[in-house]
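Accompanying notes for the structure given below.
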Amino acid sequence: MMRFNSRELSCLARQNSDRFDKEGVLFAKERQEGIFRKSEVYVERLFRLRGNLLFYFKTKEISSEVLGVFVLERFIVQLDDDDEDGSYYSFIIIFEGDDRVVRLATQVESDRDGWIGSLHVASYECMKIQLQSLREQLRSRTGKDPFASQDPVESSQSQEAADGTEDPFLTVCLTCRSLPLETSGRHPDTFASVHYMLPPPDERWVTHAHTEIVEKSCNPVYVAMIGFKNPQSFSIATRIKVTIYSVKERMTNTMTQIGSIIFNLADIFDAPGNTISLKLCSFDYADVGSVIVTAWQGDSSFRLSNRSEESFVSPDEMLSSASVRSSSQNNGIGLVSCQRRQNVTLLKMYFANLICKTFRFPVKSSPDHQLFVYEYMGEGRLTYIMPRQLLKLLVEEEKNEIEKLQSLGMLVEDWDRARQSINDYRLSMIALYKQHVNYLETYKGTTFKPSVKKAHKEVEFAPTNLHLQRMMVYNSDRDAAGTYDVITVGAFTAGALKYRNGGLRRMIQQLEQRSTRVSKDKTSHAALVEVMIEMDVLQNATNAACDQACTAAVQGKADLLIAAMAELENDGQRLFKICECDLITECVNEYSSARVTEVGSGSPKPAKRETSGSLRAASKPTHLSSPDTWRWSGTDFVKSPTEEPWDLTCLNAKAAVMCVISKVDELIEQPPERAVSWLDSLSPLIIKLKRCIEVMCSRATSGLAFSSIKDCSPNLSLVHSINYRRDVVFSQAVTAATTGFLIGLLTSDEASVRQMLNIGVLLQFENLLSCHGDEMAMLEDMSVGVSDLSKVVFVLECAARNANEDALVPSISGDRSQFLVTVPVPEFLFANLKLEGVANRAVRVVPVLFSIGINEQATLAERFGDVSLQETLNLENYHRLHTYFESYQQFVQNQSSDAASSASSSLLNLENQIRHLHMSVVSKRNKNVEVLQQAAEICRLLNGVRFTSCKSAKDRTAMAVTLEQVQLLQRENDLAPDVFFHALGSFRSEGVRRENTQKNAGVRKYAFNSIQLLSLPKLYRPPNGTYGNYES
């Protein structure tokens, strides 16, 4: 099927004669129908040949109607041997696959031969053969292909995009004036392609870069800036060619060349203001407008031989010279040059393969000033490092859990069989996790995990397409710069495990429904884990209070001793309250009835009491060397074949606490000269207290361990599936969260870090998954993964002086109850943030997730399905965000009066934003993307870290982050409103996200088809020509 514009073809057919290869009057034989018979007669018509298009008119006058056009492809032209009319010299055109024959004739033989010769070479195939022949001749003579890169759009991978770590020594902006109208009379859609000439002996044009497409303008201002790097490859004599193309059809890259200009670098360097205006010449040397070229030098180390440097302004001069500051554009390039290099150096510590694209946009307040925008993208270096560390921890935790269950001793047959089944599952997980560790340790692929591998089993613990998206902005009007970051990553989901049973949220709900024992709306297993964690914390706290009491006794300080006793009493009461609760009592009694002890030489029999031992930590196994139990004899702990009742164990621990407190009260009342004997008096009591608490906690831990067998055994397969899937999802989440925290730390100031240390760091995840099909299960996975990040604590420590990249890699420790991520902070940053004197450098994580589906599956879910999951998640996370805002509000009010008063207006703005977000969350609007946009703005106001994701963080994510960039430019940087959509299209067509699609799928197009495109909200649609339907 051929698509064409009849009006444009008609205009093309009527152009001046000098634009046609051949024209003249021909006689066309046509069938005419009479009253009695049909006949064929020759009709005189005007024919005009241009390229492979043969136009014909109704009469021999050019003013007559254009009847049609023949596309001369796959055809033959030859003499007409069957023509019986001898008065004409006829020839025929036969098209492949068409039975009809076109018969044409002239009155002069030479005219016929001329037309046949012209038609023979008119087709594209003929021109292609001629071109190939010439190409081979040039290749045989020069040894090189003269046309190695021909497509001005697809082949122009700019050097600026290829390496974002290097500052361009020269930056060029292009503007056109007075371009010709299209043949149809409308304004053209144009873009500029930039080439440079290689030095001898090559001397051929190399495609360097191209601008964005500016639609419907004869005076286009191209916002995409062209950067030249590697000054060793250029000299003052280097020739630059700028070609302007008119785009006819963006989907197929159909275009025609308007004209081109050629200049060398010396022309730019010598021009006043580093600006030149050159006439644009077409291929036939006609004047078709002009091109204005403006350049800036960005690297002061670049020098031009035999040229004065006074006409060029270096960054150092820009920073120091007030006269130069009057030039806003030069100032923009120079001021951010040094800052860019510093930022890139920092980014290279945590991100690889940086890509940079540069743009300029007009400012609303002043047309003479501009916004200079530097768009960066880099691959997170932690993509495979953090999962490898986490897997090693999980292997050790599984081993400890196995040992903990084995330490329970002999159990009755049913429970012993259940324990063995659990241990078998844990052993299989250990083997599988070790396989993943071995694979990741030997992995030699890309730094990031491409979207095509999102369901690959061997890399399932790594996050998909983890990248940094950074926008640096310089406003020449305000003389101010800003940096905006967002982490883009694929949804945290176990794609390799599929979604037959749904996602994590649904699977956990199934487990809750099956559970026989529920505590505070949580499964018994979840309640037990929380109890074990709290009990471990309180045991450590009581031991610490005992140690403080001993230290105070040695020093003879009564006030410290009293404070230690207050802490001991408080922590002890909380610990006893936990141990005496019904849950712990039931677990201990169940374990006692399930134990088996040896009686004499006979067979094993159920024990009447429970065995206990020493407790190390809730996350560490308790090793019991004997089924005998420790019990208090009145003067010391002794082993006994029988065990004391649980309430007596708790009572002994209480009594020990009271003895220590009473003894302290007695010692404090003694005269000061007898204070030296305090430690001797307290030491035996404190030792007894520690052992009582150890025995109590050990018995409770053993009971809880047995209870986990009882709770897991009925749903062992489901529990195992949840644990494995949760580990996969959490591994992806914690890797992305750590990457985001690192970039947030690099851009933080002292006040922001102080906020993190006091109320935690806000991680705001924006998700674009729908509530339909597999994407709903992905959303269920991601919601649990984000929620689990609340178990993560970042700990800041100073890195060694001159630490390399490996020394700056964060390390993770802990277990599933809580993970500590130790972050080495570069020494200079540690000093700048004034962390040296801070005692507690732990930062807790406050994660929030807001999700709105925007694709065609979201449309189906909204019209025919159920979006309650999306609504529930948004409401839950709104409340979590509101709680963080209240903490932030309290934190700001607790600052100095000057700081609090200066922040009052921002707090009021935040309060209004929170209120508007709540209204958007509770509203029932379809594809209400305002929820995402408002949550993102609130996150930035709260100094949080932004994340954006969809299924693979490639297509929908690209639309979201580019939209956010333009909104930031408009809201905070005074972007001119009339270029909003131009800026949006430029980021999407020429920005770094096109490079992301290339890296992930090998295609520089977003994976949208026409149906998907119609379902997207208007502001989330890519420009024509930047999308296509392919497997991603």
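Residues in the structure tokens are named by chain (A, B, ... in the order shown) and by number from 1 within that chain; ligands are numbered from 1 in the order shown.
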
Inset, instruction - Report as a count of residues only: the residues of range 687-814 of chain A with a DSSP assignment of alpha helix (DSSP H), based on the backbone of this structure. - result: 82

Inset, instruction - Enumerate, as a ChimeraX atom specification, the complete set of residues in range 413-549 of chain A that a backbone-based DSSP assignment places in strand (DSSP E or B). - result: /A:449,464,467-475,480-488,518-519,522-523

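Candidate residues A:Glu460, A:Leu704, A:Leu394, A:Leu969 were compared for distance to Ile430 in chain A, and the nearest is A:Leu394, using only C-alpha atoms.
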
Inset, instruction - Give me the residues within 10 Å of range 123-136 of chain A as a list of chain:residue names, counting only C-alpha atoms and dropping any in the same chain fewer than 4 places off. - result: A:Gly51, A:Asn52, A:Leu53, A:Val71, A:Leu72, A:Glu73, A:Arg74, A:Phe75, A:Ser118, A:Leu119, A:Ser140, A:Arg141, A:Thr142, A:Gly143, A:Lys144, A:Asp145, A:Pro146, A:Phe147

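The protein and nucleic acid residues lying at most 10 Å from Ile94 in chain A are A:Leu72, A:Arg74, A:Phe75, A:Ile76, A:Val77, A:Gln78, A:Ile92, A:Glu96, A:Gly97, A:Asp98, A:Asp99, A:Arg100, A:Val101, A:Val102, A:Arg103, with only C-alpha atoms considered and sequence neighbours fewer than 2 positions away removed.
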
Could you turn the residues from that selection into a file that holds all heavy atoms, as a CSV table (one decimal), in the first residue's frame?
chain,number,residue,atom,x,y,z
A,72,LEU,N,7.9,5.1,-11.1
A,72,LEU,CA,8.7,4.3,-12.0
A,72,LEU,C,9.6,3.4,-11.3
A,72,LEU,O,10.8,3.6,-11.1
A,72,LEU,CB,9.5,5.2,-13.0
A,72,LEU,CG,8.6,6.2,-13.8
A,72,LEU,CD1,9.5,7.1,-14.7
A,72,LEU,CD2,7.7,5.4,-14.7
A,74,ARG,N,10.2,-1.0,-10.7
A,74,ARG,CA,9.9,-2.4,-11.1
A,74,ARG,C,9.1,-2.3,-12.4
A,74,ARG,O,7.9,-2.8,-12.5
A,74,ARG,CB,9.1,-3.1,-10.0
A,74,ARG,CG,9.9,-3.3,-8.7
A,74,ARG,CD,9.2,-4.2,-7.8
A,74,ARG,NE,10.0,-4.5,-6.6
A,74,ARG,CZ,9.6,-5.3,-5.6
A,74,ARG,NH1,8.5,-5.9,-5.6
A,74,ARG,NH2,10.4,-5.4,-4.6
A,75,PHE,N,9.7,-1.8,-13.4
A,75,PHE,CA,9.0,-1.6,-14.7
A,75,PHE,C,10.1,-1.8,-15.8
A,75,PHE,O,11.3,-1.8,-15.6
A,75,PHE,CB,8.4,-0.2,-14.8
A,75,PHE,CG,9.4,0.9,-15.0
A,75,PHE,CD1,9.5,1.4,-16.3
A,75,PHE,CD2,10.2,1.3,-14.0
A,75,PHE,CE1,10.5,2.4,-16.5
A,75,PHE,CE2,11.1,2.3,-14.2
A,75,PHE,CZ,11.3,2.9,-15.5
A,76,ILE,N,9.6,-1.9,-17.0
A,76,ILE,CA,10.4,-1.9,-18.2
A,76,ILE,C,9.8,-1.0,-19.2
A,76,ILE,O,8.6,-0.8,-19.3
A,76,ILE,CB,10.6,-3.3,-18.8
A,76,ILE,CG1,9.2,-3.9,-19.2
A,76,ILE,CG2,11.3,-4.3,-17.9
A,76,ILE,CD1,9.4,-5.3,-20.0
A,77,VAL,N,10.7,-0.4,-20.0
A,77,VAL,CA,10.2,0.5,-21.1
A,77,VAL,C,10.9,0.0,-22.4
A,77,VAL,O,12.1,-0.3,-22.4
A,77,VAL,CB,10.6,2.0,-20.8
A,77,VAL,CG1,12.1,2.2,-20.6
A,77,VAL,CG2,10.1,2.9,-22.0
A,78,GLN,N,10.1,-0.1,-23.4
A,78,GLN,CA,10.6,-0.6,-24.7
A,78,GLN,C,9.7,-0.1,-25.8
A,78,GLN,O,8.7,0.5,-25.7
A,78,GLN,CB,10.5,-2.1,-24.7
A,78,GLN,CG,9.1,-2.7,-24.5
A,78,GLN,CD,9.1,-4.2,-24.3
A,78,GLN,OE1,10.1,-4.8,-23.8
A,78,GLN,NE2,8.0,-4.9,-24.7
A,92,ILE,N,6.2,1.7,-25.0
A,92,ILE,CA,5.3,1.2,-23.9
A,92,ILE,C,6.1,1.1,-22.6
A,92,ILE,O,7.3,0.9,-22.5
A,92,ILE,CB,4.7,-0.2,-24.3
A,92,ILE,CG1,5.8,-1.2,-24.5
A,92,ILE,CG2,3.8,0.0,-25.5
A,92,ILE,CD1,5.2,-2.6,-24.7
A,96,GLU,N,5.7,-4.4,-13.3
A,96,GLU,CA,5.7,-5.8,-12.8
A,96,GLU,C,4.4,-6.1,-12.0
A,96,GLU,O,4.0,-5.3,-11.2
A,96,GLU,CB,6.9,-6.0,-11.9
A,96,GLU,CG,7.0,-7.4,-11.3
A,96,GLU,CD,8.2,-7.5,-10.4
A,96,GLU,OE1,9.3,-6.9,-10.7
A,96,GLU,OE2,8.1,-8.2,-9.4
A,97,GLY,N,3.7,-7.2,-12.4
A,97,GLY,CA,2.5,-7.6,-11.7
A,97,GLY,C,1.3,-6.9,-12.1
A,97,GLY,O,0.2,-7.0,-11.5
A,98,ASP,N,1.3,-6.1,-13.2
A,98,ASP,CA,0.2,-5.3,-13.7
A,98,ASP,C,0.0,-5.7,-15.1
A,98,ASP,O,0.9,-5.6,-16.0
A,98,ASP,CB,0.4,-3.8,-13.5
A,98,ASP,CG,-0.9,-3.0,-13.7
A,98,ASP,OD1,-1.8,-3.6,-14.2
A,98,ASP,OD2,-0.9,-1.8,-13.3
A,99,ASP,N,-1.3,-6.1,-15.5
A,99,ASP,CA,-1.6,-6.5,-16.8
A,99,ASP,C,-1.7,-5.3,-17.8
A,99,ASP,O,-1.6,-5.4,-19.0
A,99,ASP,CB,-2.8,-7.3,-16.9
A,99,ASP,CG,-2.7,-8.7,-16.1
A,99,ASP,OD1,-1.5,-9.1,-16.0
A,99,ASP,OD2,-3.7,-9.2,-15.6
A,100,ARG,N,-2.0,-4.2,-17.2
A,100,ARG,CA,-2.2,-3.0,-18.1
A,100,ARG,C,-0.8,-2.5,-18.6
A,100,ARG,O,0.2,-2.6,-18.0
A,100,ARG,CB,-2.8,-1.9,-17.3
A,100,ARG,CG,-4.3,-2.2,-16.8
A,100,ARG,CD,-4.8,-1.1,-15.9
A,100,ARG,NE,-4.1,-1.0,-14.7
A,100,ARG,CZ,-4.3,-0.1,-13.8
A,100,ARG,NH1,-5.2,0.8,-14.0
A,100,ARG,NH2,-3.6,-0.1,-12.7
A,101,VAL,N,-0.9,-2.0,-19.8
A,101,VAL,CA,0.2,-1.5,-20.5
A,101,VAL,C,0.0,0.0,-20.8
A,101,VAL,O,-1.0,0.4,-21.3
A,101,VAL,CB,0.5,-2.2,-21.8
A,101,VAL,CG1,1.7,-1.6,-22.6
A,101,VAL,CG2,0.8,-3.7,-21.5
A,102,VAL,N,1.0,0.9,-20.5
A,102,VAL,CA,0.9,2.3,-20.7
A,102,VAL,C,1.6,2.5,-22.1
A,102,VAL,O,2.8,2.2,-22.3
A,102,VAL,CB,1.7,3.1,-19.6
A,102,VAL,CG1,1.6,4.6,-19.9
A,102,VAL,CG2,1.0,2.8,-18.3
A,103,ARG,N,0.8,3.1,-23.1
A,103,ARG,CA,1.3,3.3,-24.4
A,103,ARG,C,1.4,4.8,-24.6
A,103,ARG,O,0.5,5.6,-24.5
A,103,ARG,CB,0.3,2.7,-25.5
A,103,ARG,CG,0.2,1.2,-25.3
A,103,ARG,CD,-0.8,0.7,-26.4
A,103,ARG,NE,-1.0,-0.7,-26.2
A,103,ARG,CZ,-0.2,-1.7,-26.7
A,103,ARG,NH1,0.9,-1.4,-27.3
A,103,ARG,NH2,-0.4,-3.0,-26.4

Inset, instruction - Quick one: everything within 7 Å of range 570-580 of chain A, counting only C-alpha atoms, minus sequence neighbours fewer than 6 positions away in the same chain. Send it as a list in words. - result: Met535, Leu538, Ala541, Thr542, Cys650 and Ala700 of chain A

Legend entry - Selection: 12 Å around Arg925 in chain A, only C-alpha atoms, excl. self and same-chain fewer than 2 positions, as a ChimeraX atom specification: /A:852-853,859,862-863,867,871,919-923,927-931

Those same residues, written as a compact mmCIF listing (two decimals), in the first residue's frame with all heavy atoms?
# COMPACT_ATOMS: atom_id res chain seq x y z
N ILE A 852 0.15 4.77 39.45
CA ILE A 852 -0.96 5.07 38.54
C ILE A 852 -0.64 4.41 37.21
O ILE A 852 0.39 4.69 36.59
CB ILE A 852 -1.13 6.59 38.34
CG1 ILE A 852 -1.51 7.28 39.64
CG2 ILE A 852 -2.19 6.85 37.27
CD1 ILE A 852 -2.90 6.94 40.16
N GLY A 853 -1.50 3.52 36.75
CA GLY A 853 -1.31 2.89 35.44
C GLY A 853 -1.70 3.85 34.33
O GLY A 853 -2.69 4.58 34.44
N THR A 859 -6.31 1.04 31.05
CA THR A 859 -7.63 1.37 30.53
C THR A 859 -8.60 0.20 30.73
O THR A 859 -9.75 0.38 31.15
CB THR A 859 -7.54 1.73 29.04
OG1 THR A 859 -6.64 2.81 28.86
CG2 THR A 859 -8.91 2.11 28.49
N GLU A 862 -9.51 -0.11 34.43
CA GLU A 862 -10.42 0.92 34.91
C GLU A 862 -11.84 0.71 34.39
O GLU A 862 -12.81 1.02 35.09
CB GLU A 862 -9.90 2.30 34.48
CG GLU A 862 -8.64 2.72 35.23
CD GLU A 862 -7.97 3.93 34.61
OE1 GLU A 862 -8.32 4.28 33.45
OE2 GLU A 862 -7.10 4.52 35.26
N ARG A 863 -11.97 0.17 33.18
CA ARG A 863 -13.31 0.03 32.60
C ARG A 863 -13.96 -1.30 32.91
O ARG A 863 -15.17 -1.37 33.13
CB ARG A 863 -13.22 0.21 31.08
CG ARG A 863 -12.83 1.62 30.67
CD ARG A 863 -12.89 1.79 29.16
NE ARG A 863 -12.54 3.15 28.75
CZ ARG A 863 -12.49 3.57 27.50
NH1 ARG A 863 -12.82 2.73 26.51
NH2 ARG A 863 -12.16 4.81 27.20
N VAL A 867 -9.31 -1.64 40.15
CA VAL A 867 -8.11 -0.86 40.47
C VAL A 867 -8.03 -0.60 41.97
O VAL A 867 -7.37 0.35 42.42
CB VAL A 867 -8.08 0.47 39.69
CG1 VAL A 867 -7.92 0.23 38.21
CG2 VAL A 867 -9.34 1.28 39.99
N GLU A 871 -5.65 1.98 44.38
CA GLU A 871 -6.24 2.96 45.29
C GLU A 871 -5.80 2.71 46.72
O GLU A 871 -5.48 3.66 47.46
CB GLU A 871 -7.76 2.90 45.17
CG GLU A 871 -8.29 3.33 43.81
CD GLU A 871 -9.77 3.06 43.65
OE1 GLU A 871 -10.34 2.39 44.55
OE2 GLU A 871 -10.37 3.52 42.66
N MET A 919 -6.48 14.98 48.23
CA MET A 919 -7.66 15.13 47.39
C MET A 919 -7.51 14.31 46.11
O MET A 919 -8.48 13.69 45.64
CB MET A 919 -7.89 16.61 47.07
CG MET A 919 -8.23 17.45 48.28
SD MET A 919 -8.26 19.23 47.92
CE MET A 919 -9.52 19.29 46.66
N SER A 920 -6.33 14.30 45.53
CA SER A 920 -6.10 13.53 44.31
C SER A 920 -6.15 12.03 44.57
O SER A 920 -6.67 11.26 43.75
CB SER A 920 -4.75 13.90 43.70
OG SER A 920 -4.71 15.26 43.33
N VAL A 921 -5.62 11.61 45.72
CA VAL A 921 -5.59 10.18 46.04
C VAL A 921 -6.99 9.63 46.25
O VAL A 921 -7.30 8.52 45.79
CB VAL A 921 -4.70 9.94 47.29
CG1 VAL A 921 -4.91 8.54 47.85
CG2 VAL A 921 -3.24 10.14 46.94
N VAL A 922 -7.84 10.37 46.94
CA VAL A 922 -9.19 9.86 47.23
C VAL A 922 -10.15 10.06 46.07
O VAL A 922 -11.26 9.51 46.09
CB VAL A 922 -9.75 10.53 48.51
CG1 VAL A 922 -8.88 10.22 49.71
CG2 VAL A 922 -9.88 12.04 48.31
N SER A 923 -9.76 10.86 45.07
CA SER A 923 -10.64 11.03 43.91
C SER A 923 -10.65 9.76 43.07
O SER A 923 -9.73 8.94 43.13
CB SER A 923 -10.18 12.21 43.06
OG SER A 923 -8.92 11.96 42.49
N LYS A 927 -6.68 7.29 35.37
CA LYS A 927 -5.31 7.70 35.03
C LYS A 927 -4.98 9.09 35.60
O LYS A 927 -4.52 9.99 34.90
CB LYS A 927 -5.11 7.68 33.51
CG LYS A 927 -5.26 6.29 32.92
CD LYS A 927 -4.97 6.26 31.45
CE LYS A 927 -5.14 4.82 30.92
NZ LYS A 927 -4.91 4.73 29.47
N ASN A 928 -5.20 9.19 36.88
CA ASN A 928 -5.00 10.46 37.57
C ASN A 928 -3.50 10.66 37.86
O ASN A 928 -3.03 10.44 38.98
CB ASN A 928 -5.80 10.48 38.87
CG ASN A 928 -5.79 11.84 39.53
OD1 ASN A 928 -5.33 12.83 38.94
ND2 ASN A 928 -6.28 11.91 40.76
N VAL A 929 -2.77 11.07 36.84
CA VAL A 929 -1.32 11.21 36.97
C VAL A 929 -0.94 12.39 37.86
O VAL A 929 0.24 12.54 38.22
CB VAL A 929 -0.67 11.37 35.59
CG1 VAL A 929 -0.80 10.09 34.79
CG2 VAL A 929 -1.27 12.54 34.82
N GLU A 930 -1.91 13.21 38.24
CA GLU A 930 -1.61 14.29 39.18
C GLU A 930 -1.12 13.73 40.50
O GLU A 930 -0.34 14.39 41.20
CB GLU A 930 -2.86 15.15 39.40
CG GLU A 930 -3.24 16.01 38.20
CD GLU A 930 -4.43 16.91 38.51
OE1 GLU A 930 -4.88 16.91 39.68
OE2 GLU A 930 -4.90 17.60 37.60
N VAL A 931 -1.55 12.54 40.87
CA VAL A 931 -1.05 11.91 42.09
C VAL A 931 0.47 11.76 42.02
O VAL A 931 1.19 12.08 42.97
CB VAL A 931 -1.72 10.53 42.29
CG1 VAL A 931 -1.05 9.77 43.43
CG2 VAL A 931 -3.21 10.70 42.57

Inset, instruction - Give me the residues within 9 Å of Ser731 in chain A as a VMD selection string, counting only C-alpha atoms and dropping any in the same chain fewer than 4 places off. - result: chain A and resid 386 to 387 390 to 391 461 to 463 492 726 to 727 735 to 736 785

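Of the residues listed (A:Asp536, A:Glu669, A:Asp368, A:Asp815), A:Asp815 shows the shortest atom-to-atom separation from Lys399 in chain A; distances use only C-alpha atoms.
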
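Closest approach to Ala352 in chain A among A:Ile262, A:Met658, A:Ile709, A:Leu468: A:Leu468, based on only C-alpha atoms.
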
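Taking only C-alpha atoms into account, Ser721 in chain A lies nearest to A:Tyr425 out of the set A:Phe448, A:Trp646, A:Tyr425, A:Tyr285.
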
Inset, instruction - Between A:Phe57, A:Leu762, A:Leu682, A:Arg14, single out the one closest to Ala552 in chain A, counting only C-alpha atoms. - result: A:Leu682

Legend entry - Nearest candidate to Ala800 in chain A (options A:Arg514, A:Ala1007, A:Gly380, A:Pro824; using only C-alpha atoms): A:Pro824
